[in-house]
file run10.cif (mmCIF, C-alpha atoms and all ligand atoms)
data_query
loop_
_atom_site.label_atom_id
_atom_site.label_comp_id
_atom_site.auth_asym_id
_atom_site.auth_seq_id
_atom_site.Cartn_x
_atom_site.Cartn_y
_atom_site.Cartn_z
CA MET A 261 -21.65 -10.83 19.51
CA TRP A 262 -20.44 -8.57 16.75
CA ILE A 263 -17.45 -6.24 16.75
CA TYR A 264 -17.07 -3.36 14.31
CA GLU A 265 -13.82 -2.83 12.47
CA LYS A 266 -13.28 0.78 11.43
CA LYS A 267 -12.33 0.13 7.80
CA LEU A 268 -13.97 -1.00 4.55
CA GLU A 269 -13.27 -4.50 3.24
CA HIS A 270 -12.16 -3.01 -0.09
CA PRO A 271 -11.70 0.64 -1.15
CA VAL A 272 -14.81 2.45 -2.39
CA ARG A 273 -14.12 5.33 -4.77
CA VAL A 274 -15.93 7.19 -7.54
CA SER A 275 -14.56 9.51 -10.24
CA CYS A 276 -17.39 12.03 -9.72
CA PRO A 277 -20.84 12.12 -8.09
CA ASP A 278 -23.62 10.58 -10.19
CA VAL A 279 -27.07 10.71 -8.59
CA LYS A 280 -28.65 8.73 -11.40
CA PHE A 281 -26.27 5.84 -10.79
CA ALA A 282 -26.76 6.09 -7.00
CA LYS A 283 -30.46 5.51 -7.66
CA MET A 284 -29.52 2.22 -9.32
CA VAL A 285 -26.92 1.15 -6.74
CA ILE A 286 -29.43 1.54 -3.89
CA SER A 287 -30.95 -1.75 -5.10
CA GLN A 288 -27.97 -3.55 -3.57
CA TYR A 289 -28.58 -1.73 -0.27
CA GLY A 290 -32.25 -2.49 0.34
CA GLY A 291 -33.43 -4.50 -2.66
CA PRO A 292 -34.49 -8.17 -2.68
CA ASP A 293 -31.02 -9.45 -3.63
CA GLY A 294 -29.12 -6.71 -1.82
CA GLU A 295 -26.58 -6.93 0.95
CA LEU A 296 -29.00 -6.35 3.86
CA SER A 297 -31.12 -9.25 2.65
CA ALA A 298 -28.05 -11.45 2.22
CA SER A 299 -26.61 -10.67 5.62
CA LEU A 300 -29.84 -11.23 7.55
CA ARG A 301 -30.74 -14.33 5.54
CA TYR A 302 -27.49 -16.14 6.42
CA ILE A 303 -27.15 -15.00 10.01
CA ASN A 304 -30.74 -16.05 10.67
CA GLN A 305 -30.41 -19.48 9.06
CA ARG A 306 -27.51 -20.52 11.31
CA TYR A 307 -29.78 -21.67 14.11
CA SER A 308 -31.32 -24.50 12.11
CA MET A 309 -28.15 -25.84 10.48
CA PRO A 310 -27.24 -29.40 11.49
CA THR A 311 -23.41 -29.20 11.48
CA ASP A 312 -20.85 -26.92 13.11
CA THR A 313 -19.19 -26.20 9.77
CA ALA A 314 -22.49 -25.05 8.24
CA LYS A 315 -23.05 -22.77 11.24
CA ALA A 316 -19.53 -21.38 10.77
CA LEU A 317 -19.98 -20.75 7.04
CA LEU A 318 -23.29 -18.94 7.50
CA THR A 319 -21.80 -16.85 10.33
CA ASP A 320 -18.82 -15.88 8.21
CA ILE A 321 -20.62 -15.14 4.94
CA GLY A 322 -23.41 -13.32 6.83
CA THR A 323 -20.76 -11.18 8.50
CA GLU A 324 -18.97 -10.48 5.21
CA GLU A 325 -22.30 -9.43 3.67
CA MET A 326 -22.66 -6.84 6.44
CA ALA A 327 -19.29 -5.46 5.36
CA HIS A 328 -20.60 -5.37 1.79
CA MET A 329 -23.67 -3.44 2.90
CA GLU A 330 -21.24 -0.89 4.35
CA MET A 331 -19.38 -0.72 1.01
CA ILE A 332 -22.65 -0.12 -0.86
CA ALA A 333 -23.56 2.60 1.66
CA ALA A 334 -20.15 4.22 1.08
CA LEU A 335 -20.68 4.02 -2.69
CA VAL A 336 -24.12 5.69 -2.53
CA TYR A 337 -22.71 8.28 -0.11
CA LYS A 338 -19.99 9.21 -2.59
CA LEU A 339 -22.29 9.15 -5.62
CA VAL A 340 -24.63 11.75 -4.06
CA ASP A 341 -21.93 13.79 -2.33
CA GLY A 342 -22.70 17.51 -2.74
CA ALA A 343 -25.84 16.90 -4.83
CA CYS A 344 -28.51 19.63 -4.64
CA PRO A 345 -32.30 19.19 -5.06
CA GLU A 346 -31.92 20.02 -8.76
CA ASP A 347 -29.45 17.15 -9.18
CA PHE A 348 -31.89 14.74 -7.54
CA LYS A 349 -34.69 16.02 -9.78
CA ALA A 350 -32.56 15.72 -12.90
CA ALA A 351 -31.77 12.11 -11.93
CA GLY A 352 -35.43 11.28 -11.34
CA TRP A 353 -34.70 10.61 -7.67
CA GLU A 354 -36.53 13.56 -6.11
CA GLY A 355 -38.49 11.14 -3.89
CA GLN A 356 -35.22 10.31 -2.14
CA TRP A 357 -34.52 14.02 -1.67
CA VAL A 358 -37.97 14.80 -0.28
CA GLN A 359 -38.15 11.91 2.17
CA HIS A 360 -34.51 11.30 3.09
CA ASP A 361 -32.33 14.17 1.79
CA HIS A 362 -28.78 12.72 1.87
CA GLY A 363 -29.80 10.09 4.40
CA LEU A 364 -29.59 6.46 3.35
CA PHE A 365 -32.66 4.30 3.29
CA TRP A 366 -33.16 0.61 2.48
CA THR A 367 -35.19 0.52 -0.72
CA ASP A 368 -35.01 -1.26 -4.01
CA VAL A 369 -34.34 0.57 -7.25
CA ASN A 370 -38.00 1.69 -7.45
CA GLY A 371 -38.13 3.07 -3.92
CA VAL A 372 -39.96 0.09 -2.44
CA PRO A 373 -38.82 -0.26 1.18
CA TRP A 374 -36.95 -3.36 2.33
CA THR A 375 -39.12 -6.16 3.63
CA ALA A 376 -38.50 -9.46 5.40
CA LYS A 377 -40.37 -11.07 2.51
CA TYR A 378 -37.06 -10.92 0.64
CA ILE A 379 -35.52 -13.56 2.86
CA ALA A 380 -36.51 -17.13 3.56
CA CYS A 381 -35.84 -19.63 6.31
CA LEU A 382 -37.44 -23.05 6.00
CA GLY A 383 -35.41 -24.54 8.85
CA ASP A 384 -34.52 -27.28 6.40
CA PRO A 385 -30.77 -27.19 5.64
CA ILE A 386 -31.08 -28.45 2.07
CA ALA A 387 -33.85 -25.97 1.21
CA ASP A 388 -32.02 -23.10 2.94
CA LEU A 389 -28.58 -23.74 1.40
CA THR A 390 -30.19 -24.05 -2.03
CA GLU A 391 -31.95 -20.73 -1.41
CA ASP A 392 -28.59 -19.19 -0.48
CA MET A 393 -26.98 -20.42 -3.70
CA ALA A 394 -29.81 -18.88 -5.73
CA ALA A 395 -29.48 -15.62 -3.77
CA GLU A 396 -25.77 -15.42 -4.60
CA GLN A 397 -26.51 -15.90 -8.30
CA LYS A 398 -29.17 -13.17 -8.21
CA ALA A 399 -26.74 -10.79 -6.51
CA ARG A 400 -24.06 -11.69 -9.07
CA ALA A 401 -26.44 -10.91 -11.95
CA THR A 402 -27.47 -7.60 -10.35
CA TYR A 403 -23.83 -6.56 -10.01
CA GLU A 404 -23.28 -7.38 -13.68
CA HIS A 405 -26.19 -5.09 -14.58
CA LEU A 406 -24.77 -2.31 -12.41
CA ILE A 407 -21.27 -2.68 -13.87
CA ALA A 408 -22.79 -2.39 -17.36
CA ALA A 409 -24.74 0.71 -16.33
CA THR A 410 -21.75 2.94 -15.46
CA ASP A 411 -18.68 4.21 -17.28
CA ASP A 412 -16.91 5.18 -14.05
CA PRO A 413 -13.83 2.94 -13.76
CA LEU A 414 -13.52 3.51 -9.99
CA ALA A 415 -17.16 2.60 -9.29
CA LYS A 416 -16.71 -0.41 -11.58
CA ASP A 417 -13.73 -1.56 -9.48
CA THR A 418 -15.82 -1.53 -6.29
CA LEU A 419 -18.68 -3.35 -7.99
CA ARG A 420 -16.35 -5.92 -9.55
CA PHE A 421 -14.96 -6.76 -6.12
CA LEU A 422 -18.49 -7.31 -4.78
CA TRP A 423 -19.38 -9.32 -7.91
CA GLN A 424 -16.38 -11.59 -7.34
CA ARG A 425 -17.37 -12.18 -3.70
CA GLU A 426 -20.80 -13.42 -4.80
CA VAL A 427 -19.09 -15.95 -7.07
CA VAL A 428 -16.97 -17.19 -4.15
CA HIS A 429 -19.95 -17.34 -1.78
CA PHE A 430 -21.89 -19.41 -4.34
CA GLN A 431 -18.96 -21.83 -4.57
CA ARG A 432 -18.69 -22.21 -0.77
CA PHE A 433 -22.45 -22.70 -0.34
CA GLY A 434 -22.34 -25.38 -3.05
CA GLU A 435 -19.56 -27.19 -1.19
CA MET A 436 -21.51 -26.91 2.06
CA LEU A 437 -24.65 -28.31 0.42
CA ASN A 438 -22.62 -31.38 -0.63
CA GLU A 439 -21.12 -31.67 2.85
CA VAL A 440 -24.52 -31.55 4.55
CA GLN A 441 -25.96 -34.09 2.10
CA ASP A 442 -22.99 -36.43 2.77
CA TRP A 443 -23.45 -35.95 6.51
CA MET A 444 -27.06 -37.02 6.19
CA ALA A 445 -26.23 -40.00 3.99
CA ASN A 446 -23.24 -41.25 6.02
CA SER A 447 -24.89 -41.09 9.39
CA LYS A 448 -28.21 -42.16 7.91
CA HIS A 449 -29.69 -38.94 9.17
CA MET A 450 -33.03 -38.38 7.62
CA TRP A 451 -33.77 -34.74 8.22
CA MET A 452 -36.62 -34.87 10.74
CA GLY A 453 -36.09 -31.57 12.48
CA HIS A 454 -33.91 -30.75 15.44
CA ARG A 455 -34.12 -33.65 17.84
CA PRO A 456 -31.20 -34.31 20.14
CA GLU A 457 -28.97 -37.13 18.91
CA LYS A 458 -28.60 -40.25 21.00
CA MET B 130 -15.08 -30.56 26.11
CA ASP B 131 -14.64 -29.10 29.58
CA CYS B 132 -17.86 -27.10 29.59
CA GLU B 133 -17.58 -25.83 33.15
CA ASN B 134 -14.21 -24.22 32.52
CA LEU B 135 -15.42 -22.81 29.19
CA ILE B 136 -18.45 -21.19 30.78
CA ALA B 137 -16.39 -19.75 33.66
CA LEU B 138 -13.81 -18.28 31.28
CA LEU B 139 -16.54 -16.90 29.04
CA ARG B 140 -18.19 -15.25 32.02
CA ARG B 141 -14.96 -13.44 32.94
CA LEU B 142 -14.59 -12.35 29.31
CA GLN B 143 -18.17 -11.11 29.18
CA GLU B 144 -17.66 -9.10 32.36
CA MET B 145 -14.46 -7.44 31.18
CA GLU B 146 -15.83 -6.84 27.68
CA PHE B 147 -18.90 -5.20 29.20
CA VAL B 148 -16.62 -2.87 31.17
CA ALA B 149 -14.96 -1.92 27.88
CA VAL B 150 -18.34 -1.43 26.13
CA GLU B 151 -19.56 0.86 28.89
CA LEU B 152 -16.37 2.93 28.96
CA ASN B 153 -16.39 3.12 25.16
CA LEU B 154 -19.92 4.57 25.05
CA TYR B 155 -19.11 6.96 27.88
CA LEU B 156 -15.99 8.16 26.07
CA ASP B 157 -17.93 8.72 22.85
CA THR B 158 -19.66 11.60 24.66
CA HIS B 159 -16.81 12.48 27.08
CA PRO B 160 -13.71 12.26 24.84
CA CYS B 161 -11.46 14.30 27.17
CA ASP B 162 -12.02 12.34 30.39
CA GLU B 163 -8.48 11.16 30.99
CA GLU B 164 -9.38 8.97 33.96
CA ALA B 165 -11.96 7.10 31.89
CA ILE B 166 -9.43 6.68 29.08
CA ASN B 167 -7.00 5.14 31.58
CA ASP B 168 -9.73 2.78 32.77
CA TYR B 169 -10.49 1.90 29.17
CA ASN B 170 -6.85 1.14 28.46
CA CYS B 171 -6.70 -1.08 31.57
CA ALA B 172 -9.76 -2.97 30.30
CA VAL B 173 -8.04 -3.42 26.92
CA GLU B 174 -5.04 -4.99 28.67
CA ALA B 175 -7.18 -7.24 30.87
CA LEU B 176 -9.26 -8.32 27.87
CA ARG B 177 -6.14 -9.14 25.89
CA GLN B 178 -5.00 -11.52 28.66
CA LEU B 179 -8.41 -13.17 29.01
CA LYS B 180 -8.76 -13.63 25.24
CA LYS B 181 -5.30 -15.19 25.07
CA GLU B 182 -6.23 -17.65 27.80
CA TYR B 183 -9.57 -18.49 26.14
CA GLU B 184 -8.18 -18.86 22.63
CA SER B 185 -5.27 -21.09 23.69
CA GLN B 186 -7.85 -23.61 24.92
CA TYR B 187 -10.86 -23.15 22.65
CA GLY B 188 -9.56 -21.61 19.43
CA PRO B 189 -10.22 -18.23 17.79
CA LEU B 190 -12.83 -15.98 19.37
CA LEU B 191 -13.04 -13.81 16.25
CA ASN B 192 -13.11 -14.64 12.53
CA PHE B 193 -11.29 -13.12 9.56
CA GLY B 194 -7.81 -13.14 11.09
CA MET B 195 -8.85 -10.99 14.05
CA GLY B 196 -8.61 -13.78 16.64
CA GLY B 197 -5.87 -16.14 17.71
CA PHE B 198 -4.18 -18.96 15.80
CA SER B 199 -6.02 -22.17 14.93
CA ARG B 200 -4.89 -25.74 15.36
CA THR B 201 -5.86 -28.39 12.77
CA PRO B 202 -8.64 -29.03 12.05
CA TRP B 203 -9.95 -25.45 11.76
CA GLN B 204 -11.06 -24.63 15.30
CA TRP B 205 -13.26 -21.70 14.27
CA ALA B 206 -15.82 -24.11 12.80
CA MET B 207 -16.13 -26.16 15.99
CA GLY B 208 -19.03 -26.02 18.43
CA PRO B 209 -20.49 -25.27 20.77
CA TRP B 210 -21.87 -22.08 19.20
CA PRO B 211 -22.89 -19.21 21.51
CA TRP B 212 -26.59 -20.00 21.28
CA GLU B 213 -25.94 -23.62 22.25
CA ILE B 214 -24.24 -22.89 25.56
FE FE C 1 -22.72 -12.87 -1.16
#
call {"tool": "encode", "arguments": {"input": "run10.cif", "output": "structure tokens"}}
result
Amino acid sequence: MWIYEKKLEHPVRVSCPDVKFAKMVISQYGGPDGELSASLRYINQRYSMPTDTAKALLTDIGTEEMAHMEMIAALVYKLVDGACPEDFKAAGWEGQWVQHDHGLFWTDVNGVPWTAKYIACLGDPIADLTEDMAAEQKARATYEHLIAATDDPLAKDTLRFLWQREVVHFQRFGEMLNEVQDWMANSKHMWMGHRPEK
Amino acid sequence: MDCENLIALLRRLQEMEFVAVELNLYLDTHPCDEEAINDYNCAVEALRQLKKEYESQYGPLLNFGMGGFSRTPWQWAMGPWPWEI
């Protein structure tokens, strides 16, 4: 089961509210390569991993991604803090105001709601770990775009932390892909699905 | 692995943790109920003992430094996982 810890993984601060930038950051909340997608993708893939270490890594990174979703939520919260309808209109984000006010909602940068189509699970550990590595790279690239799109040094600090975590996750998934491939080669496991070992 | 002992210990943990969950939710809407707060604190103490007992045999119950110490190799990454029990 999951336990909530009442703190952020890393501080989230902004110099001043910026609705226009919040509209961009929301992509990492409910977009295809956002933190909700990441978290659910990894936690869901655990059940078809062949080794205990792969199950552990997906549990841990999936859990950390949930903490990142909370950081993105905190960032959006602070970027729209005190904004009035006029501010939303000026930022071109009046749709958010009309449907959600200051409430958070999982959409991509164009307002398209989150969908399970963003995540994959083949049940094949090589396919799934390769998918995870690609997902980390896509999240890394998105964070680079967001960092380039703001001048706020405090928001940049938060985004740089998240960017760095994607780099580390990619590294760990790469190591796990090698480990699972070795496991298959050494024990002459051809991946034939989940049959009990004799 | 001594599965029977593991399952029995887990069951006791689940029971005590459920007591804590229930009291927690109750206290969220009754924050001044001193008796319930005492019960909650008793559950915290009982849980602490049960977790210590579990973790000394089976390794950390929580990740990210929130659980107990690990022996070598890294006990966190050892099965069985909850959905396999
Ligand atoms: Fe990640």
call {"tool": "atom_distance", "arguments": {"input": "run10.cif", "atom1": "CA of Pro271 in chain A", "atom2": "CA of Tyr403 in chain A"}}
result
16.7 Å
call {"tool": "residues_near_point", "arguments": {"input": "run10.cif", "point": "(-25.2, -26.1, 1.8)", "cutoff": "12 Å", "atoms": "all atoms listed in the file", "output": "PyMOL selection string"}}
result
chain A and resi 302+305-306+309-311+313-318+384-394+429-444
call {"tool": "closest_residue", "arguments": {"input": "run10.cif", "among": "B:Tyr187, B:Glu174, B:Pro211, B:Met195", "to": "Asp131 in chain B", "atoms": "all atoms listed in the file"}}
result
B:Tyr187
call {"tool": "residues_near_ligand", "arguments": {"input": "run10.cif", "ligand": "ligand FE 1 (chain C)", "cutoff": "8 Å", "atoms": "all atoms listed in the file", "output": "list in words"}}
result
Glu295, Ala298, Ile321, Glu324, Glu325, Ala395, Glu396, Ala399, Leu422, Arg425, Glu426, Val427, Val428, His429 and Phe430 of chain A
call {"tool": "write_last_selection", "arguments": {"input": "run10.cif", "atoms": "C-alpha atoms", "output": "JSON list (two decimals), in the frame of the given file"}}
result
[["chain", "number", "residue", "atom", "x", "y", "z"],
["A", 295, "GLU", "CA", -26.58, -6.93, 0.95],
["A", 298, "ALA", "CA", -28.05, -11.45, 2.22],
["A", 321, "ILE", "CA", -20.62, -15.14, 4.94],
["A", 324, "GLU", "CA", -18.97, -10.48, 5.21],
["A", 325, "GLU", "CA", -22.30, -9.43, 3.67],
["A", 395, "ALA", "CA", -29.48, -15.62, -3.77],
["A", 396, "GLU", "CA", -25.77, -15.42, -4.60],
["A", 399, "ALA", "CA", -26.74, -10.79, -6.51],
["A", 422, "LEU", "CA", -18.49, -7.31, -4.78],
["A", 425, "ARG", "CA", -17.37, -12.18, -3.70],
["A", 426, "GLU", "CA", -20.80, -13.42, -4.80],
["A", 427, "VAL", "CA", -19.09, -15.95, -7.07],
["A", 428, "VAL", "CA", -16.97, -17.19, -4.15],
["A", 429, "HIS", "CA", -19.95, -17.34, -1.78],
["A", 430, "PHE", "CA", -21.89, -19.41, -4.34]]
call {"tool": "residues_around", "arguments": {"input": "run10.cif", "residues": "Ala172 in chain B", "least_positions_apart": "2", "cutoff": "9 Å", "atoms": "all atoms listed in the file", "output": "PyMOL selection string"}}
result
chain B and resi 145-146+148-149+152+167-170+174-177
call {"tool": "atom_distance", "arguments": {"input": "run10.cif", "atom1": "CA of Leu364 in chain A", "atom2": "CA of Met329 in chain A"}}
result
11.5 Å
call {"tool": "atom_distance", "arguments": {"input": "run10.cif", "atom1": "CA of Leu335 in chain A", "atom2": "CA of Asp417 in chain A"}}
result
11.2 Å
call {"tool": "closest_atom_pairs", "arguments": {"input": "run10.cif", "of": "chain B", "to": "chain A", "cutoff": "12 Å", "atoms": "only C-alpha atoms", "output": "JSON lines"}}
result
{"residue": "B:Gln143", "atom": "CA", "partner": "A:Met261", "partner_atom": "CA", "distance": 10.3}
{"residue": "B:Glu146", "atom": "CA", "partner": "A:Met261", "partner_atom": "CA", "distance": 10.8}
{"residue": "B:Phe147", "atom": "CA", "partner": "A:Met261", "partner_atom": "CA", "distance": 11.5}
{"residue": "B:Val150", "atom": "CA", "partner": "A:Ile263", "partner_atom": "CA", "distance": 10.6}
{"residue": "B:Leu190", "atom": "CA", "partner": "A:Met261", "partner_atom": "CA", "distance": 10.2}
{"residue": "B:Leu191", "atom": "CA", "partner": "A:Ile263", "partner_atom": "CA", "distance": 8.8}
{"residue": "B:Asn192", "atom": "CA", "partner": "A:Asp320", "partner_atom": "CA", "distance": 7.3}
{"residue": "B:Phe193", "atom": "CA", "partner": "A:Asp320", "partner_atom": "CA", "distance": 8.1}
{"residue": "B:Gly194", "atom": "CA", "partner": "A:Asp320", "partner_atom": "CA", "distance": 11.7}
{"residue": "B:Met195", "atom": "CA", "partner": "A:Glu265", "partner_atom": "CA", "distance": 9.7}
{"residue": "B:Gly196", "atom": "CA", "partner": "A:Ile263", "partner_atom": "CA", "distance": 11.6}
{"residue": "B:Pro202", "atom": "CA", "partner": "A:Thr313", "partner_atom": "CA", "distance": 11.2}
{"residue": "B:Trp203", "atom": "CA", "partner": "A:Thr313", "partner_atom": "CA", "distance": 9.5}
{"residue": "B:Gln204", "atom": "CA", "partner": "A:Thr313", "partner_atom": "CA", "distance": 10.0}
{"residue": "B:Trp205", "atom": "CA", "partner": "A:Ala316", "partner_atom": "CA", "distance": 7.2}
{"residue": "B:Ala206", "atom": "CA", "partner": "A:Thr313", "partner_atom": "CA", "distance": 5.0}
{"residue": "B:Met207", "atom": "CA", "partner": "A:Asp312", "partner_atom": "CA", "distance": 5.6}
{"residue": "B:Gly208", "atom": "CA", "partner": "A:Asp312", "partner_atom": "CA", "distance": 5.7}
{"residue": "B:Pro209", "atom": "CA", "partner": "A:Asp312", "partner_atom": "CA", "distance": 7.8}
{"residue": "B:Trp210", "atom": "CA", "partner": "A:Asp312", "partner_atom": "CA", "distance": 7.8}
{"residue": "B:Pro211", "atom": "CA", "partner": "A:Met261", "partner_atom": "CA", "distance": 8.7}
{"residue": "B:Trp212", "atom": "CA", "partner": "A:Tyr307", "partner_atom": "CA", "distance": 8.0}
{"residue": "B:Glu213", "atom": "CA", "partner": "A:Tyr307", "partner_atom": "CA", "distance": 9.2}
call {"tool": "residues_around", "arguments": {"input": "run10.cif", "residues": "Trp357 in chain A", "least_positions_apart": "6", "cutoff": "12 Å", "atoms": "all atoms listed in the file", "output": "NGL selection string"}}
result
:A and (279 or 283 or 340 or 343-351 or 363-365 or 371)
call {"tool": "decode", "arguments": {"input": "run10.cif", "residues": "range 392-405 of chain A", "atoms": "N, CA, C and O atoms", "output": "compact mmCIF listing (two decimals), in the first residue's frame"}}
result
# COMPACT_ATOMS: atom_id res chain seq x y z
N ASP A 392 9.95 2.60 -21.20
CA ASP A 392 10.21 3.46 -20.05
C ASP A 392 11.40 4.38 -20.30
O ASP A 392 11.40 5.55 -19.90
N MET A 393 12.42 3.83 -20.96
CA MET A 393 13.60 4.65 -21.28
C MET A 393 13.21 5.78 -22.24
O MET A 393 13.63 6.93 -22.06
N ALA A 394 12.39 5.45 -23.23
CA ALA A 394 11.93 6.49 -24.17
C ALA A 394 11.11 7.53 -23.44
O ALA A 394 11.25 8.74 -23.67
N ALA A 395 10.25 7.08 -22.52
CA ALA A 395 9.39 8.01 -21.78
C ALA A 395 10.24 8.99 -20.97
O ALA A 395 9.92 10.19 -20.90
N GLU A 396 11.31 8.50 -20.36
CA GLU A 396 12.18 9.38 -19.58
C GLU A 396 12.83 10.43 -20.48
O GLU A 396 12.99 11.59 -20.09
N GLN A 397 13.24 10.03 -21.67
CA GLN A 397 13.85 10.98 -22.59
C GLN A 397 12.84 12.03 -23.04
O GLN A 397 13.18 13.21 -23.19
N LYS A 398 11.60 11.61 -23.27
CA LYS A 398 10.57 12.57 -23.69
C LYS A 398 10.28 13.56 -22.56
O LYS A 398 10.11 14.76 -22.81
N ALA A 399 10.25 13.07 -21.32
CA ALA A 399 10.03 13.97 -20.19
C ALA A 399 11.21 14.92 -20.04
O ALA A 399 11.04 16.12 -19.80
N ARG A 400 12.43 14.40 -20.21
CA ARG A 400 13.62 15.25 -20.13
C ARG A 400 13.53 16.39 -21.16
O ARG A 400 13.73 17.56 -20.84
N ALA A 401 13.19 16.05 -22.40
CA ALA A 401 13.11 17.06 -23.46
C ALA A 401 12.03 18.09 -23.14
O ALA A 401 12.23 19.30 -23.33
N THR A 402 10.88 17.62 -22.61
CA THR A 402 9.81 18.56 -22.26
C THR A 402 10.27 19.53 -21.17
O THR A 402 9.99 20.73 -21.24
N TYR A 403 10.99 19.01 -20.17
CA TYR A 403 11.50 19.91 -19.12
C TYR A 403 12.48 20.93 -19.70
O TYR A 403 12.49 22.09 -19.30
N GLU A 404 13.28 20.52 -20.68
CA GLU A 404 14.21 21.47 -21.30
C GLU A 404 13.42 22.58 -22.01
O GLU A 404 13.78 23.76 -21.92
N HIS A 405 12.32 22.22 -22.67
CA HIS A 405 11.50 23.24 -23.32
C HIS A 405 10.91 24.19 -22.27
O HIS A 405 10.89 25.41 -22.48
